[in-house]
>>> print(open('query.cif').read())   # mmCIF, C-alpha atoms
data_work
loop_
_atom_site.label_atom_id
_atom_site.label_comp_id
_atom_site.auth_asym_id
_atom_site.auth_seq_id
_atom_site.Cartn_x
_atom_site.Cartn_y
_atom_site.Cartn_z
CA MET A 281 129.11 -56.11 -24.20
CA LEU A 282 126.52 -53.33 -23.86
CA ASN A 283 128.78 -51.90 -21.24
CA ARG A 284 131.56 -51.61 -23.79
CA ILE A 285 129.34 -50.21 -26.54
CA LEU A 286 127.22 -47.75 -24.56
CA GLY A 287 129.28 -47.18 -21.51
CA PRO A 288 128.17 -47.46 -17.89
CA ARG A 289 126.70 -43.98 -17.77
CA ARG A 290 124.29 -44.48 -20.65
CA ILE A 291 123.27 -47.91 -19.33
CA ALA A 292 122.28 -46.23 -16.01
CA LEU A 293 120.18 -43.62 -17.83
CA ILE A 294 118.32 -46.29 -19.84
CA GLN A 295 117.57 -48.31 -16.71
CA ARG A 296 116.26 -45.20 -14.97
CA ALA A 297 113.98 -44.40 -17.97
CA LEU A 298 112.57 -47.95 -17.96
CA GLN A 299 111.78 -47.68 -14.27
CA ASN A 300 110.03 -44.31 -14.81
CA GLY A 301 108.07 -45.81 -17.72
CA LYS A 302 106.81 -48.60 -15.52
CA ILE A 303 105.57 -46.03 -12.98
CA THR A 304 103.93 -43.98 -15.77
CA ILE A 305 102.13 -47.03 -17.16
CA LEU A 306 100.95 -47.97 -13.67
CA CYS A 307 99.61 -44.43 -13.07
CA LEU A 308 97.84 -44.48 -16.43
CA PHE A 309 96.26 -47.83 -15.58
CA LEU A 310 95.05 -46.52 -12.21
CA THR A 311 93.69 -43.38 -13.88
CA VAL A 312 91.66 -45.46 -16.36
CA VAL A 313 90.27 -47.56 -13.51
CA VAL A 314 89.22 -44.46 -11.56
CA LEU A 315 87.63 -42.80 -14.61
CA ARG A 316 85.73 -45.96 -15.44
CA GLY A 317 84.34 -45.88 -11.93
CA MET A 318 83.32 -42.21 -12.21
CA ILE A 319 81.95 -42.20 -15.76
CA GLY A 320 81.01 -45.83 -16.23
CA ALA A 321 82.11 -48.38 -18.75
CA GLY A 322 80.96 -48.39 -22.31
CA HIS A 323 77.87 -50.22 -23.39
CA PHE A 324 79.96 -53.36 -23.84
CA GLY A 325 82.86 -52.45 -21.54
CA THR A 326 85.21 -52.38 -24.51
CA PRO A 327 88.28 -50.14 -24.67
CA GLU A 328 86.97 -48.52 -27.85
CA GLN A 329 83.70 -47.57 -26.14
CA ASP A 330 85.55 -46.33 -23.09
CA LEU A 331 87.75 -44.15 -25.26
CA GLU A 332 84.70 -42.65 -27.00
CA LEU A 333 83.07 -41.84 -23.66
CA LEU A 334 86.26 -40.32 -22.33
CA GLN A 335 86.55 -38.10 -25.40
CA THR A 336 82.93 -37.01 -25.04
CA HIS A 337 83.37 -36.31 -21.34
CA PHE A 338 86.44 -34.15 -21.78
CA SER A 339 84.94 -32.42 -24.80
CA ASN A 340 81.85 -31.44 -22.80
CA ASN A 341 83.95 -30.21 -19.90
CA ARG A 342 86.07 -28.12 -22.26
CA ARG A 343 82.92 -26.64 -23.87
CA VAL A 344 81.46 -25.70 -20.49
CA LEU A 345 84.69 -24.03 -19.45
CA GLU A 346 84.89 -22.11 -22.72
CA GLU A 347 81.31 -20.89 -22.32
CA LYS A 348 81.94 -19.76 -18.75
CA ASN A 349 85.07 -17.91 -19.80
CA ASN A 350 83.37 -16.22 -22.73
CA ASP A 351 81.78 -13.37 -20.71
CA GLY A 352 78.19 -14.28 -21.43
CA GLY A 353 78.72 -15.44 -25.00
CA GLY A 354 77.46 -18.89 -24.09
CA GLU A 355 74.31 -17.36 -22.65
CA ALA A 356 73.65 -15.49 -25.88
CA ALA A 357 74.20 -18.64 -27.90
CA GLY A 358 71.76 -20.45 -25.64
CA LYS A 359 69.11 -17.80 -26.25
CA GLU A 360 69.43 -18.22 -29.97
CA THR A 361 68.75 -21.95 -29.78
CA ASN A 362 66.40 -22.08 -26.79
CA PRO A 363 62.80 -22.42 -28.05
CA ASN A 364 61.56 -21.08 -24.70
CA SER A 365 63.37 -17.75 -25.09
CA TYR A 366 60.99 -14.87 -25.92
CA GLU A 367 63.97 -12.59 -26.49
CA ALA A 368 65.34 -14.73 -29.30
CA PHE A 369 61.97 -15.60 -30.89
CA ASP A 370 61.31 -14.13 -34.32
CA ILE A 371 57.73 -12.80 -34.21
CA LYS A 372 57.56 -12.91 -38.01
CA LYS A 373 57.21 -16.69 -37.76
CA ILE A 374 53.62 -16.36 -36.52
CA LEU A 375 52.59 -13.21 -38.39
CA VAL A 376 50.77 -14.77 -41.29
CA ASP A 377 49.15 -12.43 -43.80
CA ASP A 378 46.57 -13.76 -46.19
CA GLU A 379 46.86 -13.13 -49.88
CA PRO A 380 46.06 -9.49 -50.69
CA GLU A 381 42.65 -8.76 -52.10
CA ASP A 382 42.28 -8.25 -55.81
CA ALA A 383 43.15 -4.72 -56.80
CA LYS A 384 40.14 -2.48 -57.31
CA ASP A 385 39.52 -0.68 -60.55
CA PRO A 386 41.49 2.60 -60.28
CA ASN A 387 39.03 4.26 -62.67
CA LYS A 388 36.11 3.57 -60.34
CA PRO A 389 35.57 6.26 -57.66
CA TYR A 390 36.34 5.04 -54.16
CA SER A 391 33.46 4.64 -51.72
CA LEU A 392 33.36 3.82 -48.01
CA GLY A 393 30.20 1.81 -48.55
CA PRO A 394 26.65 1.96 -49.86
CA LYS A 395 25.32 5.50 -50.04
CA ILE A 396 23.02 6.34 -47.14
CA LEU A 397 20.70 9.32 -47.40
CA ASP A 398 18.25 8.90 -44.50
CA TRP A 399 20.45 8.07 -41.52
CA ASP A 400 18.87 10.71 -39.28
CA GLU A 401 15.43 9.17 -39.83
CA GLN A 402 16.71 5.61 -39.31
CA ARG A 403 18.52 6.59 -36.13
CA GLU A 404 15.61 8.57 -34.68
CA LYS A 405 13.30 5.59 -35.19
CA TRP A 406 15.79 3.22 -33.55
CA LEU A 407 16.20 5.49 -30.50
CA LYS A 408 12.43 5.62 -30.01
CA GLU A 409 12.17 1.85 -30.24
CA ASN A 410 15.08 1.34 -27.81
CA PRO A 411 14.57 3.81 -24.95
CA GLN A 412 16.92 1.75 -22.74
CA PHE A 413 19.79 3.08 -24.90
CA PRO A 414 19.38 6.87 -24.78
CA ASN A 415 21.79 9.05 -26.73
CA PHE A 416 21.96 11.46 -23.79
CA VAL A 417 22.81 9.95 -20.41
CA ARG A 418 21.51 13.04 -18.63
CA SER A 419 20.43 16.54 -19.57
CA GLY A 420 23.19 18.10 -21.65
CA LYS A 421 25.51 15.07 -21.30
CA PRO A 422 25.70 13.10 -24.56
CA ARG A 423 26.64 9.44 -24.76
CA VAL A 424 30.22 9.46 -26.02
CA LEU A 425 32.34 6.71 -27.54
CA LEU A 426 36.09 7.36 -27.51
CA VAL A 427 37.79 5.53 -30.38
CA THR A 428 41.50 4.88 -30.78
CA GLY A 429 43.69 2.12 -32.13
CA SER A 430 46.99 0.98 -33.58
CA SER A 431 48.44 -1.31 -36.23
CA PRO A 432 47.45 -5.00 -36.18
CA LYS A 433 51.17 -5.83 -36.26
CA PRO A 434 53.67 -5.34 -33.42
CA CYS A 435 55.57 -2.08 -33.34
CA GLU A 436 58.71 -1.80 -35.45
CA ASN A 437 60.88 -1.01 -32.44
CA PRO A 438 61.39 -2.99 -29.19
CA VAL A 439 59.54 -0.65 -26.80
CA GLY A 440 56.82 0.90 -28.94
CA ASP A 441 54.14 -1.52 -27.75
CA HIS A 442 54.98 -0.65 -24.12
CA TYR A 443 54.21 3.02 -24.83
CA LEU A 444 51.01 2.09 -26.65
CA LEU A 445 50.01 0.19 -23.52
CA LYS A 446 50.67 3.28 -21.42
CA SER A 447 48.65 5.38 -23.83
CA ILE A 448 45.57 3.13 -23.78
CA LYS A 449 45.79 2.78 -19.98
CA ASN A 450 45.73 6.58 -19.80
CA LYS A 451 42.65 6.79 -22.03
CA ILE A 452 40.83 4.06 -20.09
CA ASP A 453 41.39 6.02 -16.88
CA TYR A 454 39.92 9.24 -18.30
CA CYS A 455 36.95 7.44 -19.82
CA ARG A 456 36.22 5.53 -16.60
CA ILE A 457 36.27 8.74 -14.59
CA HIS A 458 34.04 10.63 -17.03
CA GLY A 459 31.55 7.90 -17.91
CA ILE A 460 32.71 7.55 -21.52
CA GLU A 461 32.70 4.28 -23.46
CA ILE A 462 35.87 3.27 -25.27
CA PHE A 463 36.70 1.24 -28.38
CA TYR A 464 40.24 0.15 -29.23
CA ASN A 465 40.80 -1.00 -32.79
CA LEU A 466 43.53 -3.31 -34.11
CA ALA A 467 41.94 -4.20 -37.44
CA LEU A 468 42.60 -2.58 -40.81
CA LEU A 469 39.05 -2.57 -42.17
CA ASP A 470 40.04 -1.48 -45.67
CA ALA A 471 43.53 -2.18 -47.03
CA GLU A 472 43.23 0.73 -49.46
CA MET A 473 42.79 3.17 -46.58
CA ALA A 474 45.96 2.38 -44.64
CA GLY A 475 47.97 4.95 -42.74
CA PHE A 476 46.40 8.33 -42.04
CA TRP A 477 43.15 7.23 -43.59
CA ALA A 478 42.46 4.02 -41.67
CA LYS A 479 40.21 5.89 -39.25
CA LEU A 480 37.60 6.80 -41.88
CA PRO A 481 36.14 3.30 -42.56
CA LEU A 482 36.26 2.57 -38.82
CA ILE A 483 34.45 5.77 -37.83
CA ARG A 484 31.72 5.21 -40.39
CA LYS A 485 31.19 1.61 -39.28
CA LEU A 486 30.96 2.61 -35.61
CA LEU A 487 28.52 5.47 -36.25
CA LEU A 488 26.18 3.13 -38.13
CA SER A 489 26.56 0.29 -35.61
CA HIS A 490 25.98 2.42 -32.51
CA PRO A 491 22.98 4.72 -33.08
CA GLU A 492 22.86 5.24 -29.29
CA VAL A 493 26.18 7.13 -29.45
CA GLU A 494 25.70 10.87 -29.86
CA PHE A 495 29.36 11.86 -30.21
CA LEU A 496 32.28 9.76 -31.43
CA TRP A 497 35.56 11.05 -30.02
CA TRP A 498 38.55 10.05 -32.12
CA MET A 499 41.99 10.19 -30.47
CA ASP A 500 45.32 9.13 -31.96
CA SER A 501 47.34 6.46 -30.16
CA ASP A 502 50.19 8.93 -29.51
CA ALA A 503 47.97 11.36 -27.60
CA MET A 504 47.43 11.24 -23.82
CA PHE A 505 45.02 12.85 -21.39
CA THR A 506 46.93 15.08 -18.99
CA ASP A 507 43.97 16.70 -17.22
CA MET A 508 41.84 13.96 -15.68
CA VAL A 509 39.49 16.49 -14.07
CA PHE A 510 38.48 18.57 -17.08
CA GLU A 511 34.99 17.79 -18.41
CA LEU A 512 34.25 18.94 -21.94
CA PRO A 513 31.80 21.87 -22.22
CA TRP A 514 29.13 19.83 -23.97
CA ASP A 515 26.55 22.62 -23.97
CA ARG A 516 28.92 24.69 -26.09
CA TYR A 517 28.60 22.15 -28.90
CA LYS A 518 24.82 21.71 -28.90
CA ASP A 519 24.60 23.16 -32.43
CA SER A 520 27.84 21.64 -33.78
CA ASN A 521 28.48 18.36 -35.57
CA LEU A 522 32.28 18.48 -35.66
CA VAL A 523 34.63 19.83 -32.96
CA MET A 524 38.38 20.10 -33.61
CA HIS A 525 41.27 22.02 -32.11
CA GLY A 526 41.99 24.86 -34.51
CA TRP A 527 41.60 28.48 -35.54
CA ASN A 528 39.05 29.92 -37.99
CA GLU A 529 41.49 32.45 -39.42
CA MET A 530 44.18 29.85 -40.18
CA VAL A 531 41.72 27.46 -41.83
CA TYR A 532 39.29 29.70 -43.72
CA ASP A 533 41.45 32.74 -44.47
CA GLN A 534 44.99 31.36 -44.72
CA LYS A 535 44.23 27.77 -45.77
CA ASN A 536 47.09 26.69 -43.52
CA TRP A 537 47.46 22.93 -43.40
CA ILE A 538 48.10 23.02 -39.64
CA GLY A 539 45.17 25.35 -38.98
CA LEU A 540 43.44 22.43 -37.25
CA ASN A 541 44.38 18.99 -35.97
CA THR A 542 42.60 15.70 -36.63
CA GLY A 543 44.45 13.76 -33.93
CA SER A 544 41.63 14.44 -31.44
CA PHE A 545 38.14 15.48 -32.53
CA LEU A 546 34.43 15.01 -31.82
CA LEU A 547 31.98 13.93 -34.53
CA ARG A 548 28.23 13.87 -33.96
CA ASN A 549 26.33 10.81 -35.17
CA LYS A 550 24.33 12.46 -37.95
CA GLN A 551 23.74 12.22 -41.69
CA TRP A 552 25.97 15.29 -41.88
CA ALA A 553 28.91 13.22 -40.59
CA LEU A 554 28.38 10.44 -43.13
CA ASP A 555 28.24 13.01 -45.94
CA LEU A 556 31.51 14.61 -44.78
CA LEU A 557 33.26 11.24 -44.65
CA ASP A 558 32.05 10.52 -48.19
CA VAL A 559 33.59 13.80 -49.38
CA LEU A 560 36.96 13.16 -47.71
CA ALA A 561 37.35 9.49 -48.62
CA PRO A 562 38.13 9.78 -52.38
CA MET A 563 41.54 11.29 -51.54
CA GLY A 564 42.50 8.33 -49.34
CA PRO A 565 43.10 5.20 -51.45
CA LYS A 566 46.81 4.38 -51.41
CA GLY A 567 48.84 4.59 -54.58
CA LYS A 568 48.43 7.00 -57.44
CA ILE A 569 45.17 8.51 -56.17
CA ARG A 570 46.67 9.47 -52.82
CA GLU A 571 49.86 10.76 -54.43
CA GLU A 572 47.99 12.97 -56.90
CA ALA A 573 45.72 14.26 -54.13
CA GLY A 574 48.85 15.11 -52.13
CA LYS A 575 50.14 17.27 -54.98
CA LEU A 576 46.81 19.13 -55.06
CA LEU A 577 46.86 19.72 -51.30
CA THR A 578 50.48 20.93 -51.34
CA ARG A 579 49.63 23.36 -54.13
CA GLU A 580 46.48 24.72 -52.47
CA LEU A 581 47.42 24.81 -48.77
CA LYS A 582 49.84 27.20 -47.09
CA ASP A 583 53.25 25.82 -46.03
CA ARG A 584 52.31 22.19 -46.70
CA PRO A 585 55.36 20.00 -47.51
CA VAL A 586 55.32 17.65 -50.49
CA PHE A 587 53.94 14.26 -49.43
CA GLU A 588 50.94 12.08 -50.14
CA ALA A 589 47.45 13.17 -49.12
CA ASP A 590 46.61 12.99 -45.42
CA ASP A 591 43.25 13.32 -43.68
CA GLN A 592 44.16 16.56 -41.86
CA SER A 593 45.12 18.41 -45.05
CA ALA A 594 42.03 17.04 -46.77
CA MET A 595 39.88 18.37 -43.92
CA VAL A 596 41.43 21.85 -44.12
CA TYR A 597 41.01 21.90 -47.90
CA THR A 598 37.40 20.75 -47.74
CA LEU A 599 36.37 23.28 -45.08
CA ALA A 600 38.25 26.15 -46.72
CA THR A 601 36.84 25.52 -50.20
CA GLN A 602 33.31 24.52 -49.11
CA ARG A 603 32.75 26.69 -46.06
CA ASP A 604 29.16 27.48 -47.01
CA LYS A 605 28.31 23.77 -46.93
CA TRP A 606 30.14 22.67 -43.79
CA GLY A 607 31.33 25.70 -41.82
CA ASP A 608 28.17 26.39 -39.78
CA LYS A 609 28.35 22.99 -38.07
CA VAL A 610 32.11 23.00 -37.40
CA TYR A 611 33.46 24.31 -34.10
CA LEU A 612 37.19 25.06 -34.09
CA GLU A 613 38.09 24.97 -30.40
CA ASN A 614 41.09 26.80 -28.95
CA ALA A 615 39.87 27.78 -25.49
CA TYR A 616 41.37 24.55 -24.17
CA TYR A 617 43.70 21.87 -25.51
CA LEU A 618 41.56 19.27 -27.25
CA HIS A 619 44.94 18.75 -28.94
CA GLY A 620 48.09 20.09 -27.29
CA TYR A 621 51.48 19.94 -29.00
CA TRP A 622 53.91 18.18 -26.65
CA GLY A 623 56.90 20.30 -27.62
CA ILE A 624 55.50 23.42 -25.87
CA LEU A 625 53.88 21.67 -22.89
CA VAL A 626 55.85 18.82 -21.34
CA ASP A 627 58.81 20.87 -20.09
CA ARG A 628 56.37 23.16 -18.26
CA TYR A 629 54.68 20.46 -16.15
CA GLU A 630 56.57 21.35 -12.97
CA GLU A 631 55.59 25.00 -13.42
CA MET A 632 51.96 23.93 -13.82
CA ILE A 633 52.11 21.79 -10.66
CA GLU A 634 53.55 24.70 -8.69
CA ASN A 635 51.09 27.35 -9.88
CA TYR A 636 47.88 25.64 -10.97
CA HIS A 637 45.78 22.51 -10.55
CA PRO A 638 43.90 20.09 -12.82
CA GLY A 639 40.58 21.20 -14.25
CA PHE A 640 41.54 24.03 -16.59
CA GLY A 641 42.26 21.98 -19.72
CA ASP A 642 44.22 24.86 -21.28
CA HIS A 643 47.81 26.13 -21.13
CA ARG A 644 47.61 26.09 -17.33
CA TRP A 645 46.90 22.34 -17.28
CA PRO A 646 46.34 20.84 -20.78
CA LEU A 647 43.55 18.35 -21.36
CA VAL A 648 45.50 16.46 -24.06
CA THR A 649 49.22 16.23 -24.79
CA HIS A 650 49.76 14.96 -28.32
CA PHE A 651 53.15 13.57 -29.38
CA VAL A 652 52.95 14.60 -33.01
CA GLY A 653 56.01 13.46 -34.97
CA CYS A 654 57.37 11.04 -32.36
CA LYS A 655 55.85 7.96 -34.05
CA PRO A 656 56.54 5.70 -31.03
CA CYS A 657 55.53 2.55 -32.91
CA GLY A 658 57.67 3.11 -35.99
CA LYS A 659 61.31 2.66 -36.98
CA PHE A 660 62.02 6.37 -37.27
CA GLY A 661 60.44 9.54 -35.96
CA ASP A 662 60.86 13.24 -36.63
CA TYR A 663 62.54 13.82 -33.25
CA SER A 664 65.16 12.19 -31.03
CA VAL A 665 63.91 8.81 -29.82
CA GLU A 666 65.28 9.41 -26.33
CA ARG A 667 63.61 12.79 -26.09
CA CYS A 668 60.25 11.43 -27.25
CA PHE A 669 60.22 8.49 -24.85
CA ARG A 670 61.41 10.57 -21.90
CA GLN A 671 58.70 13.15 -22.54
CA MET A 672 56.05 10.48 -23.04
CA ASP A 673 56.98 9.02 -19.66
CA ARG A 674 56.60 12.46 -18.10
CA ALA A 675 53.21 13.02 -19.73
CA PHE A 676 51.95 9.62 -18.64
CA ASN A 677 53.07 10.16 -15.04
CA PHE A 678 51.65 13.70 -15.05
CA GLY A 679 48.22 12.29 -15.85
CA ASP A 680 48.66 9.11 -13.81
CA ASN A 681 49.39 11.07 -10.63
CA GLN A 682 45.84 12.43 -10.78
CA VAL A 683 44.54 8.86 -10.85
CA LEU A 684 46.90 7.48 -8.21
CA GLN A 685 46.10 10.29 -5.75
CA MET A 686 42.59 8.86 -5.45
CA TYR A 687 44.19 5.89 -3.73
CA GLY A 688 46.87 7.74 -1.78
CA PHE A 689 49.85 7.36 -4.11
CA ALA A 690 51.92 9.37 -6.59
CA HIS A 691 54.98 8.79 -8.74
CA LYS A 692 58.25 9.65 -7.01
CA SER A 693 58.93 12.07 -9.85
CA LEU A 694 57.58 12.71 -13.33
CA ALA A 695 60.47 10.64 -14.68
CA SER A 696 60.01 7.69 -12.33
CA ARG A 697 57.88 4.59 -12.72
CA LEU A 698 58.09 4.03 -8.95
CA VAL A 699 55.38 5.36 -6.62
CA LYS A 700 55.24 6.64 -3.05
CA LYS A 701 52.51 7.03 -0.45
CA ILE A 702 51.10 10.53 -0.12
CA ARG A 703 48.40 9.80 2.44
CA ASN A 704 48.35 7.91 5.71
CA GLU A 705 46.13 4.85 5.94
CA THR A 706 43.00 5.07 8.10
CA SER A 707 40.39 2.64 9.36
CA ASP A 708 37.65 5.00 8.12
CA SER A 709 38.30 4.37 4.43
CA LEU A 710 34.91 5.65 3.26
CA GLU A 711 35.58 9.00 4.92
CA VAL A 712 38.69 9.61 2.83
CA LYS A 713 38.13 12.15 0.07
CA ASP A 714 40.50 12.46 -2.85
CA ASP A 715 41.71 16.00 -3.39
CA LEU A 716 40.41 16.23 -6.96
CA GLY A 717 37.01 14.67 -6.38
CA LEU A 718 37.51 12.00 -9.03
CA LEU A 719 36.40 8.96 -7.03
CA HIS A 720 32.70 9.83 -7.21
CA PRO A 721 32.20 12.82 -9.54
CA GLU A 722 28.68 14.12 -10.19
CA TYR A 723 28.72 13.27 -13.88
CA LYS A 724 29.67 9.68 -13.12
CA ALA A 725 26.85 9.33 -10.60
CA ALA A 726 24.41 10.70 -13.17
CA VAL A 727 25.44 8.03 -15.66
CA ALA A 728 24.94 5.27 -13.08
CA ALA A 729 21.53 6.60 -12.11
CA SER A 730 20.31 6.75 -15.71
CA SER A 731 21.36 3.16 -16.38
#
>>> encode(input="query.cif", output="structure tokens")
Amino acid sequence: MLNRILGPRRIALIQRALQNGKITILCLFLTVVVLRGMIGAGHFGTPEQDLELLQTHFSNNRRVLEEKNNDGGGEAAGKETNPNSYEAFDIKKILVDDEPEDAKDPNKPYSLGPKILDWDEQREKWLKENPQFPNFVRSGKPRVLLVTGSSPKPCENPVGDHYLLKSIKNKIDYCRIHGIEIFYNLALLDAEMAGFWAKLPLIRKLLLSHPEVEFLWWMDSDAMFTDMVFELPWDRYKDSNLVMHGWNEMVYDQKNWIGLNTGSFLLRNKQWALDLLDVLAPMGPKGKIREEAGKLLTRELKDRPVFEADDQSAMVYTLATQRDKWGDKVYLENAYYLHGYWGILVDRYEEMIENYHPGFGDHRWPLVTHFVGCKPCGKFGDYSVERCFRQMDRAFNFGDNQVLQMYGFAHKSLASRLVKKIRNETSDSLEVKDDLGLLHPEYKAAVAASS
């Protein structure tokens, strides 16, 4: 009957389909058996549990394949969720700031601390009672404390802290060679004196806490020593209380706001220094006071742009308007680079290497290269970021080569972090003399002998 209705040809097709179906079902059954052996049965060996495990298994395999084919996208996603990834960690999670202090009365004059009038007498008495801490380590060589520092928070760009590390390493090297103590500050001692002015409360505190220190040497974090041999001419400053890089004509005659630089200066531990800090400080409190002081400084100083008061402009203004009071004890140094502007120095390093040698401290081989305007720890600077960082690398290596040569090494180039040997090894190590005489300089030996 089916033969009549469907015809022999259709009957043959149906029979063939049924046979293929049987084979398909058998293959499916064998596949399930194999997968159960590979993956394992469900918790109860039920079909429902098996199906769930199969779905999970294939889903995981598909996810792995997608991640592998996503050109690293899976790796990035893993970083975002991996609690062990430093790259993905948000540092703000652990930067906890306490509640800000109560605002001070704006009508009350700002003060760095209790007024001190007899510091010279107090200090002289302390030095007599503590002869084991002399303020001069040998005749003509004062005890010096180099002070620098940076923000208590991480830099606002990914590599700023790396360059701060290079900068402090550079300063440690110079201080170690020249027998100078060093203090690195990360604390904002007075929230009102943030920014340019943060150094004032710190300097005052260190002067009062270390009566054995004769000179405090402040240096900004973006300044580097580039002449490791040069020793400051201390005898030249025997009658001075403040030494800064600058020019008398630009400060006293022109009242030019860049007539001196406060990024690197020497301050003698005297009552005179405390009095000067007390005069400068009232311009520093952030907010309206600093803004109004900035307007005064812009009006009174030559070529000064319009911005809030800064310590350098305040120093120029104070010296220019009160020269009779302060001028006799201020030495504006320009015979060498106590501060050297990087823009006119770094591109000349190769010329210096070819024609001169360390020890001059001046244009032939600058003592300090200062990266004014680069702001390596901030979000934005006044110059190209690439240019600043490239030049900072060159300055660091320029100074570091003078340190490495003591041990027979030098950077492959001023742009390279890699080093090369410049001296053959010998079994008579104590007979090896470094070319610059920095391993055992006379002034370092004198410090050791006095201690």
>>> resolve_selection(input="query.cif", expression="the PyMOL selection byres ((chain A and resi 644) around 12)", output="PyMOL selection string")
chain A and resi 506-507+510+615-617+620+624-626+628-643+645-648
>>> residues_around(input="query.cif", residues="region 372-376 of chain A", least_positions_apart="4", cutoff="10 Å", atoms="all atoms listed in the file", output="ChimeraX atom specification")
/A:432-434
>>> atom_distance(input="query.cif", atom1="CA of Gly574 (chain A)", atom2="CA of Thr601 (chain A)")
16.0 Å
>>> atom_distance(input="query.cif", atom1="CA of Leu486 (chain A)", atom2="CA of Glu401 (chain A)")
17.4 Å
>>> residues_around(input="query.cif", residues="Gly658 (chain A)", least_positions_apart="3", cutoff="10 Å", atoms="all atoms listed in the file", output="list of chain:residue names")
A:Pro434, A:Cys435, A:Glu436, A:Asn437, A:Pro438, A:Gly440, A:Cys654, A:Lys655, A:Gly661
>>> build_atoms(input="query.cif", residues="region 670-683 of chain A", atoms="N, CA and C atoms", output="short mmCIF file (atom, residue, chain, number, x, y, z; two decimals), keeping the file's coordinate frame")
data_model
loop_
_atom_site.label_atom_id
_atom_site.label_comp_id
_atom_site.auth_asym_id
_atom_site.auth_seq_id
_atom_site.Cartn_x
_atom_site.Cartn_y
_atom_site.Cartn_z
N ARG A 670 61.31 9.92 -23.20
CA ARG A 670 61.41 10.57 -21.90
C ARG A 670 60.20 11.48 -21.66
N GLN A 671 59.83 12.22 -22.69
CA GLN A 671 58.70 13.15 -22.54
C GLN A 671 57.37 12.39 -22.46
N MET A 672 57.27 11.29 -23.15
CA MET A 672 56.05 10.48 -23.04
C MET A 672 55.91 9.90 -21.64
N ASP A 673 57.02 9.49 -21.05
CA ASP A 673 56.98 9.02 -19.66
C ASP A 673 56.50 10.13 -18.73
N ARG A 674 57.00 11.33 -18.94
CA ARG A 674 56.60 12.46 -18.10
C ARG A 674 55.11 12.77 -18.26
N ALA A 675 54.63 12.74 -19.49
CA ALA A 675 53.21 13.02 -19.73
C ALA A 675 52.33 11.96 -19.10
N PHE A 676 52.73 10.70 -19.26
CA PHE A 676 51.95 9.62 -18.64
C PHE A 676 51.89 9.78 -17.13
N ASN A 677 53.04 10.02 -16.50
CA ASN A 677 53.07 10.16 -15.04
C ASN A 677 52.33 11.40 -14.57
N PHE A 678 52.37 12.46 -15.36
CA PHE A 678 51.65 13.70 -15.05
C PHE A 678 50.14 13.43 -14.95
N GLY A 679 49.63 12.66 -15.91
CA GLY A 679 48.22 12.29 -15.85
C GLY A 679 47.95 11.21 -14.83
N ASP A 680 48.86 10.25 -14.71
CA ASP A 680 48.66 9.11 -13.81
C ASP A 680 48.65 9.53 -12.35
N ASN A 681 49.39 10.58 -12.02
CA ASN A 681 49.39 11.07 -10.63
C ASN A 681 47.99 11.49 -10.19
N GLN A 682 47.21 12.01 -11.12
CA GLN A 682 45.84 12.43 -10.78
C GLN A 682 44.94 11.23 -10.51
N VAL A 683 45.28 10.10 -11.11
CA VAL A 683 44.54 8.86 -10.85
C VAL A 683 45.03 8.23 -9.55
#
